[in-house]
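Peer 1: Before I ask anything, here is the structure I am working with.
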Amino acid sequence: MRLDSDQFSQALAACRELAGRSWFIQNGVIHIPTRLDNRTVSTPLAGLSKDARHYLHQAFQTLRPWRKGPFQIDHLAIQANWRSDVKFRRLRRILSELFSESETPTGSNCLQGLRVCDIGANNGYFLFALSDLAPQRLIGLDPTLEFYQAFRLLQALAQLWSVEFLPAGYQALRHFPLYFDLHICMGLYYHLTDPLHLLRSLHASLRKGGRLILEGLCLPPTDDDQSALALVPRGRYLGMRGVWQVPDQQVLINWLTRSGFGRIQVHEWISPVDCIPEQTRTHWGDLPGLAEGLDPHRPGLTMEGYPAAGRIWISAVRG
């Protein structure tokens, strides 16, 4: 749920009482705000006024459900609907594979000097995580107001001013022709009626040689390398509204090719069963978990009777 203007202003004012505090990532959990004192993690929110604490905690409660996380804020351990720390470990591994020593420094600075865009940034979990890899410029796009509000509060607490969040959809990429070195687009294409328009927009806003990392639902692999099939559900899929088409691997490759991409590489396909621990119903992320969308007696099928998709990680390069 989004905050009204008064709630949002009061929560931002509370955040300003914490100006200058630091944040860090530990085992995939983003701690905001925290300080390290003799190797002990302590949280300074206790120093806030009573009203400020009230406004801040009320704001985080109002912004439920939290889809991406985890975050640790004061005593609030925000376990979101998605275990984004698990997904980021996969993303981090792919980044290490793609950006070798010949392209950019290795280690924690593997994005150094790069212009990076996270399309569908949600509350900014991945913006925080990616900022730790030292990109030159990092922008998140998401048109949903409550996600923007959540990011603004987190950003104000963490004082992470080097990251930008535009409350807009992927269509805003038209303002960045031939600009980005890397696009990261996760969990989006199957929610669009025209995924090719998304891919062409991503292509047009990458510089020559720029890379795209794409992640999302994908039908299980088959023995037929030439099959190219997409499932178009009549209504819901995995219990979700707004799923328009679920491609197989070859369809995704064809979409990318026809959008102008080359050097396409499939990094990983994760089965539905293996994805279950990544998406669960929690107090802070009170949305259905993946297991609730699967047929309990036939795990290879969705609750609607369709073939259950896993998730694919695929990358491509603008020529």
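Within each chain, counting starts at residue 1; across the structure tokens, chains are named A, B, ... in the order shown, with ligands numbered 1 upward in that order.
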I'd like the neighbourhood of segment 195-206 of chain A as a list in words, where a residue qualifies if any of its atoms comes within 6 Å (using only C-alpha atoms), though same-chain residues fewer than 4 positions away should be ignored.

Peer 2: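 These residues fall inside the cut-off: Phe176, Pro177, Leu178, Tyr179, Phe180, Asp181, Tyr189, Gly210 and Ser259 of chain A.
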
Peer 1: Mind the document's chain letters and residue numbers, and return as a PyMOL selection string the residues of segment 220-301 of chain A that DSSP labels strand (DSSP E).

Peer 2: chain A and resi 230-231+246-247+261-270

Peer 1: Store the residues picked out above, limited to C-alpha atoms, as a PDB file, in the first residue's frame.

Peer 2:
```
ATOM      1  CA  ALA A 230       5.187 -19.919 -25.870  1.00  0.00           C
ATOM      2  CA  LEU A 231       2.309 -20.639 -23.526  1.00  0.00           C
ATOM      3  CA  VAL A 246       5.537 -17.792 -21.020  1.00  0.00           C
ATOM      4  CA  PRO A 247       8.242 -18.620 -23.593  1.00  0.00           C
ATOM      5  CA  PHE A 261      21.053  -8.899 -30.027  1.00  0.00           C
ATOM      6  CA  GLY A 262      23.863 -11.367 -30.601  1.00  0.00           C
ATOM      7  CA  ARG A 263      26.268 -13.518 -28.583  1.00  0.00           C
ATOM      8  CA  ILE A 264      23.305 -14.951 -26.699  1.00  0.00           C
ATOM      9  CA  GLN A 265      24.240 -17.172 -23.779  1.00  0.00           C
ATOM     10  CA  VAL A 266      21.975 -19.249 -21.530  1.00  0.00           C
ATOM     11  CA  HIS A 267      23.569 -19.318 -18.093  1.00  0.00           C
ATOM     12  CA  GLU A 268      21.088 -21.307 -16.040  1.00  0.00           C
ATOM     13  CA  TRP A 269      17.571 -22.726 -15.938  1.00  0.00           C
ATOM     14  CA  ILE A 270      16.164 -23.398 -12.470  1.00  0.00           C
TER      15      ILE A 270
END
```

Peer 1: For a quick check of understanding, using only C-alpha atoms, which of A:Ser96, A:Thr282, A:Gln149, A:Ser162 has the smallest distance to Leu127 of chain A?

Peer 2: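 Ranked by minimum distance to Leu127 of chain A, first place goes to A:Ser162.
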
Peer 1: So, counting only C-alpha atoms, which residue among A:Val232, A:Ala316, A:Leu301, A:Ala59 is closest to His191 of chain A?

Peer 2: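 Going through A:Val232, A:Ala316, A:Leu301, A:Ala59 one by one, the smallest distance to His191 of chain A is for A:Val232.
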
Peer 1: From the DSSP assignment of the backbone, select every residue of segment 140-314 of chain A that is helix (DSSP H, G or I), and format the answer as a PyMOL selection string.

Peer 2: chain A and resi 145-158+170-175+189-191+195-204+249-258+272-278+290-293

Peer 1: For segment 117-125 of chain A, work out the shell of residues within 6 Å, counting only C-alpha atoms and skipping chain neighbours fewer than 4 positions away, then give it as number ranges by chain.

Peer 2: A: 138-142, 147, 150-151, 183-185

Peer 1: Can you pull out the residues contacting Ser227 of chain A? Cut-off 10 Å, using only C-alpha atoms, and skip same-chain residues under 6 positions away; I want them as a list in words.

Peer 2: Pro221, Asp248, Gln249, Gln250 and Val251 of chain A

Peer 1: Tell me, as number ranges by chain, which residues lie within 8 Å of Gln136 of chain A, counting only C-alpha atoms; anything in the same chain fewer than 5 positions away does not count.

Peer 2: A: 111-116

Peer 1: Residues as selected, N, CA and C atoms, written as a compact mmCIF listing (two decimals), in the first residue's frame, can you do that?

Peer 2:
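Listed below is the output, part_32.txt:
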```
# COMPACT_ATOMS: atom_id res chain seq x y z
N LEU A 111 31.84 -3.81 -11.71
CA LEU A 111 31.07 -2.90 -12.55
C LEU A 111 31.71 -1.51 -12.62
N GLN A 112 32.94 -1.41 -12.20
CA GLN A 112 33.60 -0.11 -12.14
C GLN A 112 33.62 0.55 -13.52
N GLY A 113 33.19 1.82 -13.55
CA GLY A 113 33.21 2.59 -14.78
C GLY A 113 32.04 2.34 -15.71
N LEU A 114 31.10 1.49 -15.33
CA LEU A 114 29.99 1.13 -16.21
C LEU A 114 28.71 1.89 -15.84
N ARG A 115 27.92 2.17 -16.87
CA ARG A 115 26.59 2.75 -16.68
C ARG A 115 25.58 1.61 -16.68
N VAL A 116 24.88 1.45 -15.58
CA VAL A 116 24.04 0.27 -15.36
C VAL A 116 22.61 0.70 -15.09
```

Peer 1: Residues within 12 Å of Cys275 of chain A, please, as a list in words. Count only C-alpha atoms; anything in the same chain fewer than 3 positions from it doesn't count.

Peer 2: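 Non-adjacent residues within range: Trp82, Arg83, Ser84, Val86, Lys87, Gly216, Leu217, Trp269, Ile270, Ser271, Pro272, Glu278, Gln279, Thr280, Gly289, Leu290, Ala291, Gly293, Leu294, Pro299, Ala308, Ala309, Gly310, Arg311 and Ile312 of chain A.
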
Peer 1: Generate the output file for the selected residues, C-alpha atoms, as an mmCIF file, in the first residue's frame.

Peer 2:
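Dumped everything to selection_29.cif:
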```
data_model
loop_
_atom_site.group_PDB
_atom_site.id
_atom_site.type_symbol
_atom_site.label_atom_id
_atom_site.label_comp_id
_atom_site.auth_asym_id
_atom_site.auth_seq_id
_atom_site.Cartn_x
_atom_site.Cartn_y
_atom_site.Cartn_z
ATOM 1 C CA TRP A 82 11.192 -12.864 -2.693
ATOM 2 C CA ARG A 83 14.564 -13.976 -1.335
ATOM 3 C CA SER A 84 16.425 -11.444 -3.452
ATOM 4 C CA VAL A 86 19.509 -15.768 -3.418
ATOM 5 C CA LYS A 87 18.815 -14.169 -6.785
ATOM 6 C CA GLY A 216 12.289 -14.633 -15.827
ATOM 7 C CA LEU A 217 9.805 -17.438 -16.303
ATOM 8 C CA TRP A 269 17.571 -22.726 -15.938
ATOM 9 C CA ILE A 270 16.164 -23.398 -12.470
ATOM 10 C CA SER A 271 13.318 -25.879 -12.069
ATOM 11 C CA PRO A 272 10.049 -24.802 -10.410
ATOM 12 C CA GLU A 278 13.038 -18.200 -3.204
ATOM 13 C CA GLN A 279 9.406 -17.056 -3.100
ATOM 14 C CA THR A 280 7.455 -17.635 0.099
ATOM 15 C CA GLY A 289 4.559 -18.174 -2.424
ATOM 16 C CA LEU A 290 5.490 -20.167 -5.493
ATOM 17 C CA ALA A 291 4.391 -23.422 -3.859
ATOM 18 C CA GLY A 293 0.783 -21.656 -7.426
ATOM 19 C CA LEU A 294 1.801 -25.255 -8.147
ATOM 20 C CA PRO A 299 4.555 -30.446 -9.146
ATOM 21 C CA ALA A 308 5.016 -25.158 -14.684
ATOM 22 C CA ALA A 309 7.769 -22.794 -15.785
ATOM 23 C CA GLY A 310 11.131 -22.522 -14.114
ATOM 24 C CA ARG A 311 13.314 -19.441 -14.294
ATOM 25 C CA ILE A 312 16.032 -18.725 -16.823
#
```

Peer 1: Pull the closest atom pair for each residue of segment 69-175 of chain A that gets at most 9 Å from segment 3-11 of chain A, along with the distance in Å to one decimal, counting only C-alpha atoms, ordering rows by chain and then ascending residue number, as JSON lines.

Peer 2:
```
{"residue": "A:Leu145", "atom": "CA", "partner": "A:Leu3", "partner_atom": "CA", "distance": 9.0}
{"residue": "A:Glu146", "atom": "CA", "partner": "A:Leu3", "partner_atom": "CA", "distance": 7.1}
{"residue": "A:Gln149", "atom": "CA", "partner": "A:Phe8", "partner_atom": "CA", "distance": 7.4}
{"residue": "A:Leu153", "atom": "CA", "partner": "A:Ala11", "partner_atom": "CA", "distance": 7.2}
```

Peer 1: Can you tell me how far atom CA of Lys68 of chain A sits from atom CA of Lys50 of chain A, in Å to one decimal?

Peer 2: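 Those two atoms sit 27.9 Å apart.
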
Peer 1: Can you tell me, as a ChimeraX atom specification, what residues are no more than 10 Å from His283 of chain A when counting only C-alpha atoms, ignoring any on the same chain fewer than 5 positions away?

Peer 2: /A:64-66,78-81
